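Below is final.tsv, holding TSV, C-alpha atoms.
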chain	number	residue	atom	x	y	z
A	1	MET	CA	-3.33	-15.57	-12.25
A	2	ARG	CA	-2.92	-13.73	-15.55
A	3	LYS	CA	-3.29	-16.01	-18.57
A	4	LEU	CA	0.11	-16.43	-20.20
A	5	THR	CA	0.29	-15.44	-23.87
A	6	LYS	CA	2.44	-17.24	-26.45
A	7	GLU	CA	4.85	-14.30	-26.36
A	8	VAL	CA	5.31	-14.64	-22.58
A	9	LEU	CA	5.76	-18.42	-22.80
A	10	TYR	CA	8.32	-18.02	-25.59
A	11	ALA	CA	10.38	-15.73	-23.35
A	12	MET	CA	10.35	-18.28	-20.54
A	13	THR	CA	13.39	-20.41	-21.43
A	14	LEU	CA	16.27	-21.96	-19.51
A	15	ASP	CA	19.77	-22.57	-20.82
A	16	GLN	CA	20.73	-26.22	-20.35
A	17	LYS	CA	24.40	-25.39	-21.17
A	18	ASN	CA	24.65	-22.55	-18.65
A	19	PRO	CA	26.91	-23.40	-15.67
A	20	ILE	CA	24.26	-21.89	-13.39
A	21	PRO	CA	22.14	-24.79	-12.07
A	22	LEU	CA	18.72	-25.14	-13.67
A	23	HIS	CA	16.85	-24.70	-10.39
A	24	VAL	CA	18.64	-21.37	-9.85
A	25	GLN	CA	17.81	-20.22	-13.39
A	26	LEU	CA	14.19	-21.20	-12.80
A	27	LYS	CA	14.14	-19.33	-9.49
A	28	TYR	CA	15.31	-16.14	-11.26
A	29	GLU	CA	12.78	-16.68	-14.06
A	30	ILE	CA	9.84	-17.04	-11.66
A	31	GLU	CA	10.97	-13.91	-9.81
A	32	LYS	CA	11.07	-12.04	-13.12
A	33	GLN	CA	7.56	-13.19	-14.03
A	34	ILE	CA	6.30	-11.97	-10.63
A	35	GLN	CA	8.00	-8.59	-11.07
A	36	ASN	CA	6.55	-8.24	-14.59
A	37	GLY	CA	3.05	-8.91	-13.28
A	38	ASN	CA	2.54	-12.22	-15.10
A	39	TYR	CA	2.07	-14.01	-11.77
A	40	LYS	CA	-0.04	-11.76	-9.56
A	41	THR	CA	-1.70	-14.18	-7.16
A	42	LYS	CA	-0.72	-17.75	-7.99
A	43	ILE	CA	2.04	-19.41	-10.02
A	44	PRO	CA	1.39	-22.35	-12.39
A	45	SER	CA	1.35	-25.92	-11.08
A	46	GLU	CA	4.53	-27.99	-10.89
A	47	ARG	CA	3.42	-29.98	-13.94
A	48	GLU	CA	2.77	-26.82	-15.99
A	49	ILE	CA	6.23	-25.48	-15.13
A	50	MET	CA	7.83	-28.86	-15.97
A	51	GLU	CA	6.16	-28.90	-19.38
A	52	THR	CA	6.93	-25.24	-20.12
A	53	TYR	CA	10.66	-25.58	-19.40
A	54	SER	CA	11.14	-29.28	-20.16
A	55	ILE	CA	12.68	-29.87	-16.74
A	56	SER	CA	12.28	-32.38	-13.93
A	57	ARG	CA	9.92	-32.13	-10.97
A	58	THR	CA	12.96	-32.10	-8.66
A	59	THR	CA	14.28	-28.95	-10.37
A	60	VAL	CA	10.91	-27.24	-10.04
A	61	ARG	CA	10.58	-28.14	-6.37
A	62	GLU	CA	14.10	-26.92	-5.56
A	63	ALA	CA	13.40	-23.52	-7.15
A	64	ILE	CA	10.02	-23.13	-5.46
A	65	SER	CA	11.38	-24.23	-2.07
A	66	GLN	CA	14.03	-21.51	-2.25
A	67	LEU	CA	11.44	-18.86	-3.19
A	68	VAL	CA	9.20	-19.97	-0.31
A	69	TYR	CA	12.17	-19.81	2.07
A	70	GLU	CA	12.88	-16.22	0.94
A	71	GLY	CA	9.24	-15.21	1.41
A	72	ILE	CA	8.67	-14.52	-2.29
A	73	LEU	CA	6.17	-17.38	-2.59
A	74	GLU	CA	3.78	-19.02	-0.15
A	75	LYS	CA	2.60	-22.65	-0.34
A	76	LYS	CA	-0.97	-23.48	0.71
A	77	HIS	CA	-1.55	-27.17	1.26
A	78	GLY	CA	-3.91	-28.61	-1.32
A	79	LYS	CA	-4.35	-25.27	-3.10
A	80	GLY	CA	-1.04	-24.44	-4.76
A	81	THR	CA	1.75	-21.88	-4.54
A	82	PHE	CA	0.81	-18.23	-4.23
A	83	VAL	CA	2.38	-14.78	-4.47
A	84	PRO	CA	1.80	-13.18	-1.03
A	85	MET	CA	0.12	-9.78	-0.83
A	86	LYS	CA	2.64	-6.96	-0.78
A	87	SER	CA	3.03	-4.98	2.40
A	88	ILE	CA	3.13	-1.25	1.74
A	89	GLN	CA	6.09	0.30	3.50
A	90	ASP	CA	5.81	3.93	4.59
A	91	TRP	CA	9.23	5.29	5.49
A	92	LEU	CA	8.79	7.94	8.15
A	93	GLY	CA	10.67	11.21	7.98
A	94	THR	CA	9.25	12.49	4.69
A	95	LEU	CA	5.79	14.00	4.24
A	96	ARG	CA	4.27	12.08	1.33
A	97	SER	CA	0.74	11.29	0.20
A	98	THR	CA	-0.69	7.79	0.42
A	99	THR	CA	-0.94	7.81	-3.38
A	100	ASN	CA	2.79	8.40	-3.79
A	101	ILE	CA	3.66	5.75	-1.20
A	102	ILE	CA	1.56	3.15	-3.03
A	103	LYS	CA	3.06	4.09	-6.40
A	104	LYS	CA	6.57	3.81	-4.97
A	105	MET	CA	5.78	0.20	-4.05
A	106	GLY	CA	4.92	-0.48	-7.70
A	107	MET	CA	1.19	-0.81	-6.99
A	108	LYS	CA	-1.87	0.91	-8.44
A	109	PRO	CA	-3.43	3.52	-6.09
A	110	ASP	CA	-7.14	4.27	-5.99
A	111	ALA	CA	-9.70	5.88	-3.68
A	112	ARG	CA	-13.43	5.78	-2.98
A	113	LEU	CA	-15.14	8.79	-1.47
A	114	ILE	CA	-17.48	7.85	1.39
A	115	TRP	CA	-18.61	11.31	2.46
A	116	HIS	CA	-17.58	14.97	2.53
A	117	GLY	CA	-19.11	18.15	3.87
A	118	ILE	CA	-19.29	20.65	6.72
A	119	VAL	CA	-19.34	19.09	10.22
A	120	THR	CA	-19.10	19.97	13.88
A	121	PRO	CA	-16.00	17.99	14.90
A	122	SER	CA	-14.98	16.80	18.36
A	123	LYS	CA	-13.58	19.35	20.80
A	124	ASN	CA	-9.91	18.49	20.18
A	125	ILE	CA	-10.35	18.87	16.42
A	126	GLN	CA	-12.29	22.13	16.88
A	127	ASP	CA	-9.25	23.49	18.73
A	128	LEU	CA	-7.13	22.71	15.68
A	129	CYS	CA	-9.40	23.32	12.67
A	130	GLY	CA	-12.14	25.53	14.09
A	131	ASN	CA	-15.88	24.96	14.26
A	132	PRO	CA	-17.39	24.12	11.86
A	133	ALA	CA	-14.73	22.26	9.84
A	134	TYR	CA	-14.67	20.56	6.45
A	135	TYR	CA	-14.53	16.76	6.54
A	136	ILE	CA	-13.49	14.24	3.86
A	137	LYS	CA	-13.65	10.49	4.37
A	138	ARG	CA	-12.25	8.04	1.81
A	139	VAL	CA	-11.25	4.39	1.48
A	140	ARG	CA	-7.79	3.94	-0.05
A	141	TYR	CA	-6.88	1.01	-2.30
A	142	ALA	CA	-3.67	-0.61	-3.54
A	143	ASP	CA	-4.03	-2.95	-6.52
A	144	ASP	CA	-7.80	-2.86	-5.92
A	145	LYS	CA	-7.47	-4.05	-2.29
A	146	PRO	CA	-8.73	-1.75	0.51
A	147	ILE	CA	-5.81	-0.81	2.76
A	148	ALA	CA	-6.94	2.24	4.73
A	149	ILE	CA	-9.78	4.51	5.76
A	150	GLU	CA	-8.67	8.16	5.78
A	151	LYS	CA	-10.50	10.93	7.65
A	152	GLN	CA	-9.29	14.45	6.90
A	153	TYR	CA	-10.45	17.68	8.55
A	154	TYR	CA	-9.68	21.15	7.20
A	155	PRO	CA	-10.33	24.71	8.31
A	156	LEU	CA	-13.62	25.60	6.64
A	157	GLU	CA	-12.18	28.04	4.07
A	158	ILE	CA	-9.56	25.56	2.88
A	159	GLY	CA	-11.99	22.63	2.79
A	160	LYS	CA	-14.62	24.42	0.74
A	161	LYS	CA	-12.02	25.41	-1.87
A	162	LEU	CA	-10.57	21.88	-1.93
A	163	ALA	CA	-14.03	20.33	-2.47
A	164	LYS	CA	-14.30	22.11	-5.84
A	165	TYR	CA	-11.70	19.73	-7.24
A	166	ASP	CA	-11.62	15.93	-7.77
A	167	ILE	CA	-11.53	14.76	-4.15
A	168	LYS	CA	-12.99	11.38	-5.16
A	169	LYS	CA	-9.80	10.19	-6.81
A	170	GLY	CA	-7.34	13.07	-6.64
A	171	THR	CA	-4.28	13.28	-4.41
A	172	LEU	CA	-5.35	15.86	-1.82
A	173	TYR	CA	-1.79	16.97	-1.06
A	174	ASP	CA	-1.22	17.71	-4.74
A	175	LEU	CA	-4.47	19.67	-4.92
A	176	LEU	CA	-3.59	21.70	-1.82
A	177	GLU	CA	-0.13	22.52	-3.14
A	178	ASN	CA	-0.76	22.94	-6.86
A	179	GLU	CA	-4.30	24.34	-6.95
A	180	LEU	CA	-4.61	26.17	-3.62
A	181	ASN	CA	-0.92	27.21	-3.52
A	182	ILE	CA	-0.43	26.02	0.07
A	183	ASN	CA	3.17	25.33	1.01
A	184	PHE	CA	3.57	22.51	3.51
A	185	SER	CA	6.28	22.83	6.12
A	186	VAL	CA	6.12	20.25	8.92
A	187	ALA	CA	3.81	17.58	10.33
A	188	GLU	CA	3.44	15.93	13.72
A	189	GLN	CA	2.41	12.28	13.59
A	190	VAL	CA	1.44	9.68	16.19
A	191	ILE	CA	0.98	5.97	15.38
A	192	THR	CA	-0.89	3.60	17.68
A	193	SER	CA	-2.70	0.28	17.39
A	194	ASP	CA	-6.22	-0.79	18.33
A	195	ARG	CA	-9.19	-2.79	17.11
A	196	ILE	CA	-11.07	-1.25	14.21
A	197	PRO	CA	-14.44	0.33	15.06
A	198	LYS	CA	-17.31	-1.97	14.03
A	199	GLU	CA	-18.79	0.54	11.59
A	200	GLU	CA	-15.47	0.83	9.73
A	201	ALA	CA	-14.64	-2.89	9.36
A	202	LYS	CA	-16.88	-3.35	6.32
A	203	HIS	CA	-15.00	-0.67	4.38
A	204	LEU	CA	-11.70	-2.53	4.82
A	205	LYS	CA	-13.32	-5.97	4.41
A	206	VAL	CA	-11.87	-7.21	7.70
A	207	PRO	CA	-13.44	-8.85	10.79
A	208	GLU	CA	-14.87	-6.51	13.42
A	209	ASP	CA	-12.16	-7.48	15.93
A	210	HIS	CA	-9.31	-6.88	13.44
A	211	SER	CA	-6.34	-4.91	14.75
A	212	VAL	CA	-5.35	-1.86	12.73
A	213	LEU	CA	-2.64	0.79	12.79
A	214	ILE	CA	-4.06	4.19	13.68
A	215	THR	CA	-2.35	7.32	12.42
A	216	GLU	CA	-3.03	10.81	13.73
A	217	ARG	CA	-1.25	13.67	11.94
A	218	MET	CA	-1.33	17.47	12.06
A	219	THR	CA	0.15	19.18	9.00
A	220	TYR	CA	1.21	22.85	9.04
A	221	ASP	CA	2.13	25.38	6.36
A	222	THR	CA	5.19	27.62	6.26
A	223	GLU	CA	3.38	30.22	8.36
A	224	GLY	CA	2.79	27.70	11.13
A	225	GLU	CA	-0.95	27.49	10.43
A	226	LEU	CA	-2.67	24.11	10.54
A	227	VAL	CA	-3.72	22.92	7.07
A	228	GLU	CA	-5.04	19.45	7.83
A	229	TYR	CA	-5.91	17.15	10.70
A	230	TYR	CA	-5.59	13.56	9.49
A	231	GLU	CA	-6.73	10.31	11.06
A	232	ALA	CA	-6.52	6.92	9.37
A	233	TYR	CA	-7.02	3.23	10.02
A	234	PHE	CA	-4.47	1.10	8.13
A	235	ARG	CA	-4.71	-2.66	7.70
A	236	SER	CA	-1.82	-4.00	9.75
A	237	ASP	CA	-1.48	-7.03	7.46
A	238	MET	CA	-0.90	-4.81	4.42
A	239	TYR	CA	0.81	-1.68	5.72
A	240	SER	CA	3.87	-0.95	7.83
A	241	PHE	CA	5.63	2.19	9.04
A	242	ASN	CA	9.42	2.17	8.88
A	243	ILE	CA	12.12	4.49	10.12
A	244	GLN	CA	15.90	4.44	9.70
A	245	LEU	CA	17.88	4.93	12.90
A	246	SER	CA	21.54	5.78	13.41
A	247	ARG	CA	23.66	5.57	16.51
A	248	LYS	CA	25.83	8.52	17.47
A	249	LYS	CA	28.70	8.20	19.89
A	250	ASN	CA	28.59	10.33	22.99
A	251	SER	CA	30.82	13.36	22.60

In structure tokens, how does this file's structure come out?
Amino acid sequence: MRKLTKEVLYAMTLDQKNPIPLHVQLKYEIEKQIQNGNYKTKIPSEREIMETYSISRTTVREAISQLVYEGILEKKHGKGTFVPMKSIQDWLGTLRSTTNIIKKMGMKPDARLIWHGIVTPSKNIQDLCGNPAYYIKRVRYADDKPIAIEKQYYPLEIGKKLAKYDIKKGTLYDLLENELNINFSVAEQVITSDRIPKEEAKHLKVPEDHSVLITERMTYDTEGELVEYYEAYFRSDMYSFNIQLSRKKNS
């Protein structure tokens, strides 16, 4: 939990004369502190909140109970009340980079390069990218927590040009578009679920039998040429894929 400064504590006040009940005011105040990043993992104890706001334990417990019911907080017996890890929501239908998705959730994106270079890929990837192909493997982070392992294959000419730029931290889609002047058009994506391969579990800091979401995506340019073959393992406890559906009446 971030240490609260005097300025933050001064801003944390409740209005005893406000017709809104104190426990509701406190609920809103705690939500605001979470949104502002003052409570990142754990909120103060009941006693600390009582002393800060000069309110009763009953008021504190009513506010916290409501936040727990809404899923904003999580109580752990004997340990305290915590802010659950955010789940990153990827809305399908728009081709966006992982970096942009993480930023949209209000989290800090980061990446760690594991390996890159020229490889002989499997037969199905050879059919798409050619042989040899250029391979980039990175671990992706959100707020310093590992959320995915990304494996990206490129036709050799594209990959060698891309590798001249900052592929350790840079957004590869931005580099492809802005530096290599490649115009994306469409992508085909398949999402499945399976247990993470043993050799990959350590990168995501999960058990070897942990279930992950597996994404396979082929991205094409405006000429219909394949630009990238993408495969990734996403932590299912921290990442979800969403899609909006609509029902149309039969004509």

A:Ile72, A:Met218, A:Ile196, A:Ile191: which is nearest Leu95 in chain A, counting only C-alpha atoms?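 The closest residue to Leu95 in chain A is A:Met218.
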
Can you work out which one of A:Asn178, A:Asn36, A:Asn131, A:Thr59 has the shortest atom-to-atom distance to Leu14 in chain A, counting only C-alpha atoms?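 Closest to Leu14 in chain A of all the choices is A:Thr59.
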
From the list A:Glu74, A:Glu150, A:Glu29, A:Glu225, which residue is nearest Val60 in chain A when using all atoms listed in the file?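 Going through A:Glu74, A:Glu150, A:Glu29, A:Glu225 one by one, the smallest distance to Val60 in chain A is for A:Glu29.
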
Could you list, with a cut-off of 12 Å and counting only C-alpha atoms, the residues of range 40-136 of chain A near range 232-248 of chain A, each shown with its nearest atom pair and the distance in Å rounded to one decimal, rows sorted by chain and ascending number, as CSV?
residue,atom,partner,partner_atom,distance
A:Pro84,CA,A:Met238,CA,10.3
A:Met85,CA,A:Met238,CA,7.3
A:Lys86,CA,A:Met238,CA,6.6
A:Ser87,CA,A:Met238,CA,4.4
A:Ile88,CA,A:Tyr239,CA,4.6
A:Gln89,CA,A:Ser240,CA,5.0
A:Asp90,CA,A:Phe241,CA,4.8
A:Trp91,CA,A:Asn242,CA,4.6
A:Leu92,CA,A:Ile243,CA,5.2
A:Gly93,CA,A:Ile243,CA,7.2
A:Thr94,CA,A:Ile243,CA,10.1
A:Thr98,CA,A:Ala232,CA,10.7
A:Ile101,CA,A:Tyr239,CA,10.5
A:Ile102,CA,A:Tyr239,CA,10.0
A:Met105,CA,A:Tyr239,CA,11.1
A:Ile136,CA,A:Ala232,CA,11.5

Select, from A:Ser122, A:Leu172, A:Pro44, A:Ile34, the residue with the minimum atom-to-atom distance to Gly106 in chain A, counting all atoms listed in the file.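 Of A:Ser122, A:Leu172, A:Pro44, A:Ile34, the one nearest Gly106 in chain A, counting all atoms listed in the file, is A:Ile34.
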
What is the CA of Arg195 in chain A-CA of Tyr134 in chain A distance in Å, reported with one decimal?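 One can read the CA of Arg195 in chain A to CA of Tyr134 in chain A distance as 26.2 Å.
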
Between CA of His203 in chain A and CA of Met107 in chain A, what is the distance in Å, rounded to a tenth?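 That distance, rounded to one decimal, is 19.8 Å.
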